Structure formats: structure tokens, C-alpha cells
file entry_11.tsv (TSV, C-alpha atoms)
chain	number	residue	atom	x	y	z
T	30	MET	CA	44.43	45.67	-60.63
T	31	GLY	CA	41.54	44.11	-62.55
T	32	THR	CA	38.73	46.08	-64.14
T	33	ASN	CA	36.12	44.61	-61.76
T	34	LYS	CA	38.12	45.69	-58.71
T	35	LYS	CA	38.62	49.18	-60.15
T	36	LEU	CA	34.87	49.41	-60.79
T	37	SER	CA	34.03	48.28	-57.24
T	38	ILE	CA	36.40	50.89	-55.81
T	39	PHE	CA	34.80	53.56	-57.98
T	40	ILE	CA	31.30	52.52	-56.85
T	41	ARG	CA	32.38	52.65	-53.18
T	42	LYS	CA	33.74	56.13	-53.77
T	43	GLU	CA	30.38	57.22	-55.18
T	44	PHE	CA	28.59	55.76	-52.16
T	45	TYR	CA	30.88	57.66	-49.82
T	46	HIS	CA	30.19	60.83	-51.77
T	47	ILE	CA	26.42	60.35	-51.43
T	48	LEU	CA	26.60	59.42	-47.74
T	49	ARG	CA	28.75	62.45	-47.00
T	50	ASP	CA	25.98	64.82	-48.11
T	51	ARG	CA	23.62	64.27	-45.18
T	52	ARG	CA	20.96	66.73	-46.32
T	53	THR	CA	20.60	65.18	-49.77
T	54	LEU	CA	20.57	61.71	-48.25
T	55	LEU	CA	17.85	62.73	-45.80
T	56	ILE	CA	15.74	64.05	-48.68
T	57	LEU	CA	16.24	60.94	-50.78
T	58	LEU	CA	15.39	58.50	-48.00
T	59	GLY	CA	12.86	60.57	-46.06
T	60	MET	CA	10.85	62.01	-48.92
T	61	PRO	CA	9.19	58.71	-49.97
T	62	ALA	CA	7.80	58.15	-46.47
T	63	VAL	CA	6.60	61.74	-46.19
T	64	LEU	CA	4.91	61.69	-49.60
T	65	VAL	CA	3.16	58.36	-49.02
T	66	LEU	CA	1.84	59.49	-45.63
T	67	LEU	CA	0.84	62.88	-47.04
T	68	PHE	CA	-1.02	61.45	-50.02
T	69	GLY	CA	-2.52	58.66	-47.94
T	70	PHE	CA	-3.86	60.74	-45.07
T	71	ALA	CA	-4.16	64.34	-46.22
T	72	ILE	CA	-4.82	64.19	-49.96
T	73	SER	CA	-7.90	62.20	-50.82
T	74	ASN	CA	-10.67	62.32	-53.39
T	75	GLU	CA	-13.04	60.85	-50.81
T	76	ILE	CA	-15.27	63.50	-49.22
T	77	LYS	CA	-16.35	63.03	-45.61
T	78	ASN	CA	-17.86	65.27	-42.94
T	79	ALA	CA	-18.88	67.95	-45.43
T	80	ASP	CA	-20.84	70.77	-43.79
T	81	ILE	CA	-24.42	71.05	-45.03
T	82	GLY	CA	-27.47	73.10	-44.14
T	83	VAL	CA	-31.11	72.01	-44.21
T	84	LEU	CA	-34.00	74.35	-44.97
T	85	ASP	CA	-36.99	72.40	-43.68
T	86	TYR	CA	-40.29	73.95	-44.70
T	87	ALA	CA	-42.22	70.77	-43.85
T	88	GLN	CA	-41.28	70.54	-40.15
T	89	ASN	CA	-42.83	67.09	-39.77
T	90	ASP	CA	-41.72	63.70	-38.61
T	91	GLN	CA	-40.46	62.48	-41.97
T	92	SER	CA	-38.48	65.64	-42.75
T	93	GLN	CA	-36.79	65.46	-39.37
T	94	ARG	CA	-35.97	61.77	-39.85
T	95	LEU	CA	-34.45	62.50	-43.24
T	96	THR	CA	-32.37	65.32	-41.73
T	97	GLN	CA	-31.13	62.94	-39.05
T	98	ARG	CA	-30.34	60.31	-41.70
T	99	LEU	CA	-28.19	62.79	-43.62
T	100	SER	CA	-26.34	64.08	-40.56
T	101	ALA	CA	-25.77	60.54	-39.26
T	102	SER	CA	-23.89	59.49	-42.39
T	103	GLU	CA	-20.11	59.78	-42.55
T	104	TYR	CA	-20.34	62.09	-45.52
T	105	PHE	CA	-22.27	65.00	-44.01
T	106	THR	CA	-22.26	67.15	-40.91
T	107	LEU	CA	-25.25	69.37	-40.16
T	108	ALA	CA	-23.52	72.72	-39.77
T	109	LEU	CA	-26.52	74.97	-39.14
T	110	PRO	CA	-30.29	75.06	-39.61
T	111	LEU	CA	-31.57	77.36	-42.34
T	112	HIS	CA	-34.75	79.42	-42.21
T	113	SER	CA	-34.90	81.15	-45.60
T	114	THR	CA	-33.44	81.00	-49.09
T	115	GLN	CA	-31.51	84.18	-48.32
T	116	GLU	CA	-29.65	82.38	-45.54
T	117	ILE	CA	-28.62	79.69	-48.06
T	118	GLU	CA	-26.81	82.22	-50.24
T	119	GLU	CA	-25.24	83.87	-47.22
T	120	ALA	CA	-23.98	80.51	-45.93
T	121	PHE	CA	-22.46	79.68	-49.31
T	122	ARG	CA	-20.78	83.08	-49.55
T	123	ALA	CA	-19.33	82.69	-46.07
T	124	GLY	CA	-18.12	79.17	-46.87
T	125	SER	CA	-20.09	77.74	-43.94
T	126	ILE	CA	-21.65	74.93	-45.96
T	127	LYS	CA	-20.86	72.87	-49.06
T	128	MET	CA	-24.43	71.89	-49.83
T	129	ALA	CA	-27.98	72.84	-48.85
T	130	VAL	CA	-31.03	70.58	-48.73
T	131	VAL	CA	-34.42	72.25	-49.22
T	132	LEU	CA	-37.44	70.24	-48.08
T	133	PRO	CA	-40.76	71.67	-49.42
T	134	PRO	CA	-43.89	72.00	-47.19
T	135	GLU	CA	-45.60	69.02	-48.87
T	136	PHE	CA	-42.59	66.70	-48.48
T	137	GLY	CA	-44.14	64.35	-45.91
T	138	GLU	CA	-47.65	64.45	-47.39
T	139	GLU	CA	-46.46	63.36	-50.85
T	140	THR	CA	-44.64	60.38	-49.40
T	141	ALA	CA	-47.63	59.39	-47.25
T	142	ARG	CA	-49.92	59.34	-50.32
T	143	GLY	CA	-47.44	57.21	-52.24
T	144	LEU	CA	-46.49	60.03	-54.58
T	145	PRO	CA	-42.87	60.73	-55.55
T	146	GLY	CA	-41.27	62.94	-52.96
T	147	SER	CA	-39.60	66.12	-54.16
T	148	LEU	CA	-36.83	68.20	-52.65
T	149	GLN	CA	-33.96	70.37	-53.80
T	150	LEU	CA	-30.20	69.96	-53.46
T	151	ILE	CA	-28.08	73.09	-53.83
T	152	ALA	CA	-24.30	72.63	-54.06
T	153	ASP	CA	-21.35	75.00	-54.37
T	154	GLY	CA	-20.39	74.90	-58.06
T	155	THR	CA	-17.04	76.64	-57.54
T	156	ASP	CA	-15.66	73.13	-56.99
T	157	PRO	CA	-17.49	70.99	-59.58
T	158	ASN	CA	-16.00	67.66	-58.50
T	159	THR	CA	-16.92	68.17	-54.86
T	160	ALA	CA	-20.39	69.42	-55.77
T	161	THR	CA	-21.06	66.40	-57.99
T	162	THR	CA	-19.78	63.95	-55.40
T	163	LEU	CA	-21.84	65.45	-52.56
T	164	SER	CA	-24.96	65.51	-54.72
T	165	ASN	CA	-24.50	61.85	-55.59
T	166	TYR	CA	-23.99	60.94	-51.92
T	167	ALA	CA	-27.10	62.84	-50.86
T	168	SER	CA	-29.20	61.44	-53.70
T	169	ALA	CA	-28.30	57.91	-52.71
T	170	ILE	CA	-29.16	58.49	-49.04
T	171	ILE	CA	-32.42	60.24	-49.87
T	172	GLY	CA	-33.38	57.52	-52.36
T	173	ASP	CA	-32.86	54.82	-49.75
T	174	PHE	CA	-34.89	56.81	-47.21
T	175	LEU	CA	-37.83	57.32	-49.56
T	176	GLN	CA	-37.77	53.65	-50.56
T	177	GLU	CA	-38.03	52.68	-46.90
T	178	GLN	CA	-41.07	54.96	-46.47
T	179	ARG	CA	-43.06	53.31	-49.26
T	180	PRO	CA	-41.79	49.75	-49.71
T	181	LEU	CA	-45.10	48.59	-51.19
T	182	GLN	CA	-45.28	51.31	-53.83
T	183	GLN	CA	-42.83	49.68	-56.18
T	184	PRO	CA	-43.70	49.31	-59.85
T	185	SER	CA	-44.31	45.75	-60.93
T	186	MET	CA	-41.46	45.89	-63.43
T	187	ALA	CA	-38.99	47.75	-61.21
T	188	ILE	CA	-35.33	47.25	-61.98
T	189	GLN	CA	-32.95	47.18	-59.05
T	190	THR	CA	-29.34	48.03	-59.76
T	191	GLU	CA	-26.48	46.47	-57.81
T	192	VAL	CA	-23.14	48.26	-57.99
T	193	ARG	CA	-19.85	46.45	-57.44
T	194	MET	CA	-16.39	48.01	-57.40
T	195	LEU	CA	-13.78	45.52	-58.55
T	196	TYR	CA	-10.23	45.61	-57.15
T	197	ASN	CA	-11.04	48.52	-54.81
T	198	ALA	CA	-14.37	47.87	-53.15
T	199	GLY	CA	-13.94	50.68	-50.64
T	200	LEU	CA	-12.89	53.21	-53.31
T	201	LYS	CA	-9.81	54.06	-51.26
T	202	SER	CA	-7.90	56.86	-52.92
T	203	VAL	CA	-4.62	55.62	-51.44
T	204	PHE	CA	-4.81	52.67	-53.85
T	205	MET	CA	-4.35	55.22	-56.63
T	206	PHE	CA	-1.77	57.37	-54.88
T	207	VAL	CA	0.72	54.66	-53.86
T	208	PRO	CA	1.58	53.65	-57.46
T	209	GLY	CA	1.75	57.30	-58.44
T	210	VAL	CA	4.01	58.29	-55.55
T	211	MET	CA	6.28	55.32	-56.25
T	212	THR	CA	6.57	56.43	-59.88
T	213	VAL	CA	7.39	60.03	-58.95
T	214	ILE	CA	10.00	59.00	-56.38
T	215	LEU	CA	11.73	56.54	-58.68
T	216	MET	CA	11.80	59.12	-61.45
T	217	LEU	CA	13.19	61.74	-59.07
T	218	VAL	CA	15.95	59.56	-57.61
T	219	SER	CA	16.87	57.72	-60.78
T	220	ALA	CA	16.64	60.44	-63.41
T	221	MET	CA	17.01	63.82	-61.74
T	222	MET	CA	19.66	62.89	-59.18
T	223	THR	CA	21.63	60.90	-61.74
T	224	SER	CA	21.65	63.76	-64.24
T	225	ILE	CA	22.75	66.20	-61.54
T	226	ALA	CA	25.46	63.86	-60.24
T	227	ILE	CA	27.03	63.36	-63.67
T	228	THR	CA	26.65	67.03	-64.62
T	229	ARG	CA	28.36	68.03	-61.36
T	230	GLU	CA	31.49	66.21	-62.50
T	231	LYS	CA	31.51	68.19	-65.72
T	232	GLU	CA	30.77	71.46	-63.98
T	233	VAL	CA	33.65	71.21	-61.47
T	234	GLY	CA	36.01	69.84	-64.12
T	235	THR	CA	36.54	66.34	-62.70
T	236	MET	CA	34.88	64.51	-65.61
T	237	GLU	CA	38.07	64.87	-67.66
T	238	VAL	CA	40.00	63.32	-64.79
T	239	LEU	CA	37.59	60.40	-64.66
T	240	LEU	CA	37.78	59.89	-68.42
T	241	ALA	CA	41.58	59.80	-68.15
T	242	SER	CA	41.38	57.06	-65.50
T	243	PRO	CA	42.01	53.38	-66.38
T	244	LEU	CA	38.25	52.72	-66.44
T	245	PRO	CA	36.55	53.00	-69.85
T	246	PRO	CA	33.76	55.63	-70.14
T	247	PRO	CA	30.86	53.10	-70.06
T	248	LEU	CA	32.09	51.68	-66.75
T	249	ILE	CA	32.47	55.19	-65.35
T	250	VAL	CA	28.82	55.90	-66.13
T	251	ILE	CA	27.78	52.52	-64.68
T	252	GLY	CA	29.75	53.24	-61.52
T	253	LYS	CA	28.02	56.62	-61.16
T	254	VAL	CA	24.50	55.22	-61.50
T	255	ILE	CA	24.70	51.98	-59.47
T	256	PRO	CA	24.38	53.81	-56.10
T	257	TYR	CA	21.23	55.52	-57.35
T	258	ILE	CA	19.80	52.20	-58.49
T	259	LEU	CA	20.20	50.86	-54.95
T	260	LEU	CA	18.74	54.06	-53.48
T	261	ALA	CA	15.75	53.83	-55.81
T	262	LEU	CA	15.13	50.19	-54.88
T	263	ALA	CA	15.43	51.07	-51.17
T	264	ASN	CA	12.81	53.80	-51.67
T	265	THR	CA	10.61	51.26	-53.44
T	266	ALA	CA	10.80	48.98	-50.40
T	267	VAL	CA	9.87	51.88	-48.08
T	268	ILE	CA	6.87	52.88	-50.20
T	269	LEU	CA	5.60	49.31	-50.50
T	270	LEU	CA	6.01	48.75	-46.76
T	271	LEU	CA	4.08	51.90	-45.86
T	272	GLY	CA	1.42	51.24	-48.47
T	273	THR	CA	0.75	47.69	-47.34
T	274	GLU	CA	1.19	48.01	-43.57
T	275	VAL	CA	-0.21	51.50	-42.94
T	276	PHE	CA	-2.89	51.84	-45.63
T	277	GLY	CA	-3.70	48.20	-46.41
T	278	MET	CA	-2.59	48.43	-50.05
T	279	PRO	CA	-2.82	44.89	-51.47
T	280	ILE	CA	-0.19	43.20	-53.60
T	281	ARG	CA	-2.23	40.51	-55.31
T	282	GLY	CA	0.30	39.69	-58.01
T	283	SER	CA	3.79	38.24	-57.97
T	284	TYR	CA	6.36	40.01	-55.79
T	285	ALA	CA	9.12	38.88	-58.14
T	286	LEU	CA	7.33	40.40	-61.14
T	287	LEU	CA	6.68	43.60	-59.20
T	288	TRP	CA	10.35	44.02	-58.32
T	289	LEU	CA	11.39	43.16	-61.86
T	290	GLU	CA	9.11	45.88	-63.26
T	291	CYS	CA	10.39	48.38	-60.69
T	292	PHE	CA	13.96	47.58	-61.70
T	293	LEU	CA	13.08	48.04	-65.37
T	294	PHE	CA	11.50	51.42	-64.70
T	295	VAL	CA	14.56	52.46	-62.69
T	296	LEU	CA	16.72	51.60	-65.70
T	297	THR	CA	14.40	53.62	-67.94
T	298	ALA	CA	14.63	56.63	-65.63
T	299	LEU	CA	18.40	56.24	-65.32
T	300	SER	CA	18.79	56.23	-69.07
T	301	LEU	CA	16.80	59.46	-69.21
T	302	GLY	CA	19.01	60.97	-66.52
T	303	ILE	CA	22.15	59.99	-68.41
T	304	LEU	CA	20.71	61.46	-71.62
T	305	ILE	CA	20.01	64.75	-69.84
T	306	SER	CA	23.52	64.82	-68.39
T	307	THR	CA	25.05	64.44	-71.85
T	308	ARG	CA	23.08	67.46	-73.08
T	309	THR	CA	23.71	69.83	-70.17
T	310	ASP	CA	26.83	71.36	-68.65
T	311	SER	CA	25.60	72.70	-65.30
T	312	GLN	CA	23.63	71.32	-62.39
T	313	GLN	CA	21.04	74.10	-62.54
T	314	VAL	CA	20.29	73.47	-66.19
T	315	ALA	CA	20.08	69.73	-65.52
T	316	MET	CA	17.67	70.25	-62.64
T	317	LEU	CA	15.45	72.65	-64.59
T	318	PHE	CA	15.47	70.35	-67.61
T	319	SER	CA	14.59	67.37	-65.40
T	320	LEU	CA	11.72	69.24	-63.78
T	321	MET	CA	10.27	70.46	-67.06
T	322	VAL	CA	10.80	67.32	-69.13
T	323	LEU	CA	10.45	64.59	-66.49
T	324	MET	CA	8.70	65.60	-63.27
T	325	LEU	CA	5.85	67.76	-64.57
T	326	PRO	CA	4.85	65.32	-67.35
T	327	THR	CA	5.14	62.45	-64.86
T	328	ILE	CA	2.67	64.14	-62.53
T	329	LEU	CA	0.32	65.70	-65.09
T	330	LEU	CA	0.30	63.35	-68.10
T	331	SER	CA	0.83	59.89	-66.61
T	332	GLY	CA	-2.69	59.32	-65.28
T	333	PHE	CA	-1.42	59.64	-61.70
T	334	ILE	CA	-3.81	62.45	-60.77
T	335	PHE	CA	-5.79	63.30	-63.91
T	336	PRO	CA	-7.42	60.62	-66.09
T	337	ILE	CA	-5.80	60.46	-69.51
T	338	GLU	CA	-9.14	59.74	-71.19
T	339	SER	CA	-10.38	63.19	-70.14
T	340	MET	CA	-7.47	65.01	-71.78
T	341	PRO	CA	-7.54	66.50	-75.29
T	342	PHE	CA	-6.42	64.10	-77.99
T	343	PRO	CA	-3.01	65.79	-78.58
T	344	LEU	CA	-2.16	65.43	-74.89
T	345	GLN	CA	-3.28	61.80	-74.96
T	346	MET	CA	-0.79	61.21	-77.75
T	347	VAL	CA	1.96	62.98	-75.79
T	348	SER	CA	1.24	60.81	-72.75
T	349	ASN	CA	2.24	57.73	-74.75
T	350	ILE	CA	5.88	58.81	-74.69
T	351	ILE	CA	5.84	59.32	-70.90
T	352	PRO	CA	7.40	56.21	-69.28
T	353	ALA	CA	5.50	56.85	-66.04
T	354	LYS	CA	2.17	56.20	-67.79
T	355	TRP	CA	3.10	52.64	-68.63
T	356	PHE	CA	4.71	51.98	-65.25
T	357	ILE	CA	1.58	53.11	-63.36
T	358	ILE	CA	-0.51	50.77	-65.52
T	359	ILE	CA	1.88	47.93	-64.66
T	360	LEU	CA	1.76	48.67	-60.93
T	361	LYS	CA	-2.05	48.74	-60.84
T	362	ASP	CA	-2.32	45.55	-62.91
T	363	VAL	CA	0.13	43.65	-60.69
T	364	MET	CA	-0.77	45.08	-57.28
T	365	LEU	CA	-4.55	45.50	-57.56
T	366	LYS	CA	-5.62	43.10	-60.31
T	367	GLY	CA	-3.15	40.36	-59.45
T	368	GLY	CA	-2.06	40.09	-63.06
T	369	GLY	CA	1.05	38.35	-64.32
T	370	MET	CA	3.33	38.91	-67.26
T	371	GLU	CA	0.54	37.88	-69.62
T	372	LEU	CA	-1.32	41.04	-68.57
T	373	VAL	CA	1.56	43.55	-68.59
T	374	TRP	CA	3.82	42.24	-71.36
T	375	GLN	CA	2.91	45.05	-73.76
T	376	GLU	CA	3.70	47.80	-71.24
T	377	THR	CA	6.89	45.95	-70.29
T	378	LEU	CA	8.04	45.86	-73.91
T	379	ILE	CA	7.28	49.57	-74.27
T	380	LEU	CA	9.42	50.42	-71.22
T	381	LEU	CA	12.19	48.14	-72.46
T	382	GLY	CA	12.10	49.78	-75.89
T	383	MET	CA	12.23	53.24	-74.31
T	384	THR	CA	15.24	52.21	-72.22
T	385	VAL	CA	17.15	50.95	-75.25
T	386	PHE	CA	16.24	54.08	-77.21
T	387	PHE	CA	17.36	56.47	-74.46
T	388	ILE	CA	20.61	54.56	-73.93
T	389	ALA	CA	21.34	54.66	-77.66
T	390	LEU	CA	20.74	58.42	-77.73
T	391	SER	CA	22.95	58.86	-74.67
T	392	VAL	CA	25.82	56.87	-76.23
T	393	ARG	CA	25.53	58.81	-79.49
T	394	SER	CA	25.43	62.15	-77.68
T	395	PHE	CA	28.33	61.14	-75.42
T	396	ASN	CA	30.47	60.13	-78.38
T	397	ILE	CA	29.70	63.41	-80.11
T	398	ARG	CA	30.71	65.39	-77.03
T	399	LEU	CA	33.97	63.40	-76.73
T	400	ALA	CA	34.74	64.02	-80.38
call {"tool": "encode", "arguments": {"input": "entry_11.tsv", "output": "C-alpha cells"}}
result
Amino acid sequence: MGTNKKLSIFIRKEFYHILRDRRTLLILLGMPAVLVLLFGFAISNEIKNADIGVLDYAQNDQSQRLTQRLSASEYFTLALPLHSTQEIEEAFRAGSIKMAVVLPPEFGEETARGLPGSLQLIADGTDPNTATTLSNYASAIIGDFLQEQRPLQQPSMAIQTEVRMLYNAGLKSVFMFVPGVMTVILMLVSAMMTSIAITREKEVGTMEVLLASPLPPPLIVIGKVIPYILLALANTAVILLLGTEVFGMPIRGSYALLWLECFLFVLTALSLGILISTRTDSQQVAMLFSLMVLMLPTILLSGFIFPIESMPFPLQMVSNIIPAKWFIIILKDVMLKGGGMELVWQETLILLGMTVFFIALSVRSFNIRLA
């Protein structure tokens, strides 16, 4: 029996082993869809329908029109009218509102005389990001309203600013989450599951049996990881399908380049999983090591959720050795910017170098363990 046939039989055996564990298979194939839908629909950095209160001391036509303008926007919902500053604090303590708008008695008169209108925005600082975002939304709406009230009171040298958002004009948060979720899923399937699968053989004592088989050790490892490569690529297809069809995620670059980069990242993650398996002897240790060394850095230090530029300099340096950081950059450049290899060649070389380095460490560690 030839080596190729022995390898194909071994790979089929691994597939049967994976398919036999229905619960693990359900997690591996169902989790990508659940995470994409969860991040796309439930988790968003866009704030809409935030409850606000308005304390209107002016009680005139313009103050009422401004209140209606705020409540008519998609960002705010008028939760309750306020009658005193004490009610503002009570509403914030009760969590009834996220922001309060205070209109002074002279609000309409100032605007009618062509003077700058004044008002006060009070936001809940316990959530700084939400408070800043709501204040910016309200400031923009109020600025447009005041400009409409005195169109002829513009300075002769006024500068008008036009804002354009390239690659994501609607500022859809799902455009950020889809590359991040794809990275997390591929790392989970390729690295964590591979390390656990190989460590399981050592834990139950069947690795010695495999090493005594006619197949050489490198082919045994290849046979163990090929099913997880196919599972990872299947998950990639599911995530891309949901991202494009459900959330309108664009793929402006080459599909061939996108799949090539996904395959390279899968190889990088697999090499990490193999390296972990050579250093651990139990499934629990492999899982804990994978979570601490792979999953948490992938989520926290890759730029998926938190911008790397905002991190302290030591953490920025650590992020450079996280493969997920470079893969997320590649995905955004290809999918959103429509870039080709000329745009992502540096990140591609970094991932390729990491893959070679991890494989070399795995081979060295494996030889040491055999010796």
C-alpha cells in the first residue's frame, strides 16, 4: 500500500472521528453563524434611540421645534419632559435618560436677534464613549437647526466643512466585526481544536501507536490537521456568506486573494496549534494554554475591538507578534479598500514568516520529545 493511500485512509479516519462527535461538530459549524449574527445585530458601536430628557425654560416656538427635531432623529427618543435641574439628576440616577438638554429662557430671543444661541447638554459620564457620541450627535443636530434659523447671519469668511467617510460611508460597525469574527473563528478551529486533537492522542496513549504505524511522523501530523483546515475554510465561507448577504459587507478586492490569505492564516494558526500540542500532555492544559496565549490576545490585542493606537507602547509592541493583527489588516484592505497584493504584501510576508517560525519550533520540540 502506497504512502499516499495510507495518508488518505488516515485522513478519512480523522474525519469520521470528528463527525462522530456531534456536539463538537455543532459548535464548530454553528458558532460562526451565531457569532456573526450576534455581532452584527446585537453588538454595535452605533447608538440609536437613546432616551433623553429636555428641560425647556424658554417654552417658545423655537425651543419646541428644536425638541421635535431632536426626538425625530433616529438617535434620540424623548423619554420624559423635565421641569427642574433636580429632576435631571433623579432621571440620571434612575437610568431613565442618557442625556439631558437644557434650553435657557432666552434661547429663542438670542436666535431672533442673530446672536449665538446657547444651551446645555448634560450626558451620563459613567459611559464615556456613549456620552461623547451622544453629545456629538446632539451638537450636530442643534448646529444644523440654528443655522436654518439664521441663514443670513453667516460671517463673510465662513468655512464650511464637508465630512466624507471612505470605505464605510454609513459607519456600519458590522464592517469591523466581520473580519474580527472571522479571525477569532479561524484561530479557534485551526489552533485550539488542532492542539486539543493532537494532545488527546498523547493523553489516551494512542500517539505511540500512531508513531509506530507505517506513516512517518510528519504525515501523521498532516493527516491530523487536514480535516481542521477544511473545517476552517468551511467556516470562512459561512462567515463571508452571512456578512455579504445579511449585512451587506462588501468584498471589493479579489476573491482569489482573499481565499489565499485565509488559507495562509489557517496555516499560521495550525502551526501554533501544533506547537502547543508538542508542549502539553493533556487536553485541559492545551485548552487553557490556547485560551491564554491565543484567544485572549486575538480579541484584545489584534485591533478587533480596541484600537491598537490607543494602547500603551509596550502593548503595541506585543501586538506585533499576534498573527490576528496582521490578518485583520489584510481582510480590511482586501474587502473594504479593494486592495491587491501590492497593498498587503508586507502583512502577507509577516504571516508567512510566522508560519515558518512556528513550524520550525514545532519540529524542534517534537524531535526533542521523541528523543
call {"tool": "atom_distance", "arguments": {"input": "entry_11.tsv", "atom1": "atom CA of T:Arg94", "atom2": "atom CA of T:Leu111"}}
result
16.4 Å
call {"tool": "residues_around", "arguments": {"input": "entry_11.tsv", "residues": "T:Glu43", "least_positions_apart": "5", "cutoff": "10 Å", "atoms": "only C-alpha atoms", "output": "CSV table (one decimal) with C-alpha atoms, keeping the file's coordinate frame"}}
result
chain,number,residue,atom,x,y,z
T,37,SER,CA,34.0,48.3,-57.2
T,38,ILE,CA,36.4,50.9,-55.8
T,48,LEU,CA,26.6,59.4,-47.7
T,49,ARG,CA,28.8,62.4,-47.0
T,226,ALA,CA,25.5,63.9,-60.2
T,252,GLY,CA,29.8,53.2,-61.5
T,253,LYS,CA,28.0,56.6,-61.2
T,254,VAL,CA,24.5,55.2,-61.5
T,255,ILE,CA,24.7,52.0,-59.5
T,256,PRO,CA,24.4,53.8,-56.1
T,257,TYR,CA,21.2,55.5,-57.4
call {"tool": "residues_around", "arguments": {"input": "entry_11.tsv", "residues": "stretch 290-304 of chain T", "least_positions_apart": "5", "cutoff": "8 Å", "atoms": "only C-alpha atoms", "output": "list in words"}}
result
Leu215, Met216, Ser219, Ala220, Met221, Met222, Thr223, Ser224, Ile227, Val254, Ile258, Ala261, Leu262, Thr265, Ser319, Pro352, Phe356, Ile359, Thr377, Leu380, Leu381, Met383, Thr384, Phe387, Ile388, Leu390, Ser391 and Ser394 of chain T
call {"tool": "closest_residue", "arguments": {"input": "entry_11.tsv", "among": "T:Ser100, T:Asn349, T:Ser311, T:Gln88", "to": "T:Ile171", "atoms": "all atoms listed in the file"}}
result
T:Ser100
call {"tool": "atom_distance", "arguments": {"input": "entry_11.tsv", "atom1": "atom CA of T:Leu66", "atom2": "atom CA of T:Gly332"}}
result
20.2 Å
call {"tool": "residues_around", "arguments": {"input": "entry_11.tsv", "residues": "T:Val322", "least_positions_apart": "6", "cutoff": "10 Å", "atoms": "all atoms listed in the file", "output": "PyMOL selection string"}}
result
chain T and resi 301+305+316+351
call {"tool": "residues_around", "arguments": {"input": "entry_11.tsv", "residues": "T:Met128", "least_positions_apart": "3", "cutoff": "8 Å", "atoms": "only C-alpha atoms", "output": "list in words"}}
result
Asp80, Ile81, Gly82, Leu150, Ile151, Ala152, Asp153, Ala160 and Leu163 of chain T
call {"tool": "atom_distance", "arguments": {"input": "entry_11.tsv", "atom1": "atom CA of T:Glu135", "atom2": "atom CA of T:Ser102"}}
result
24.6 Å
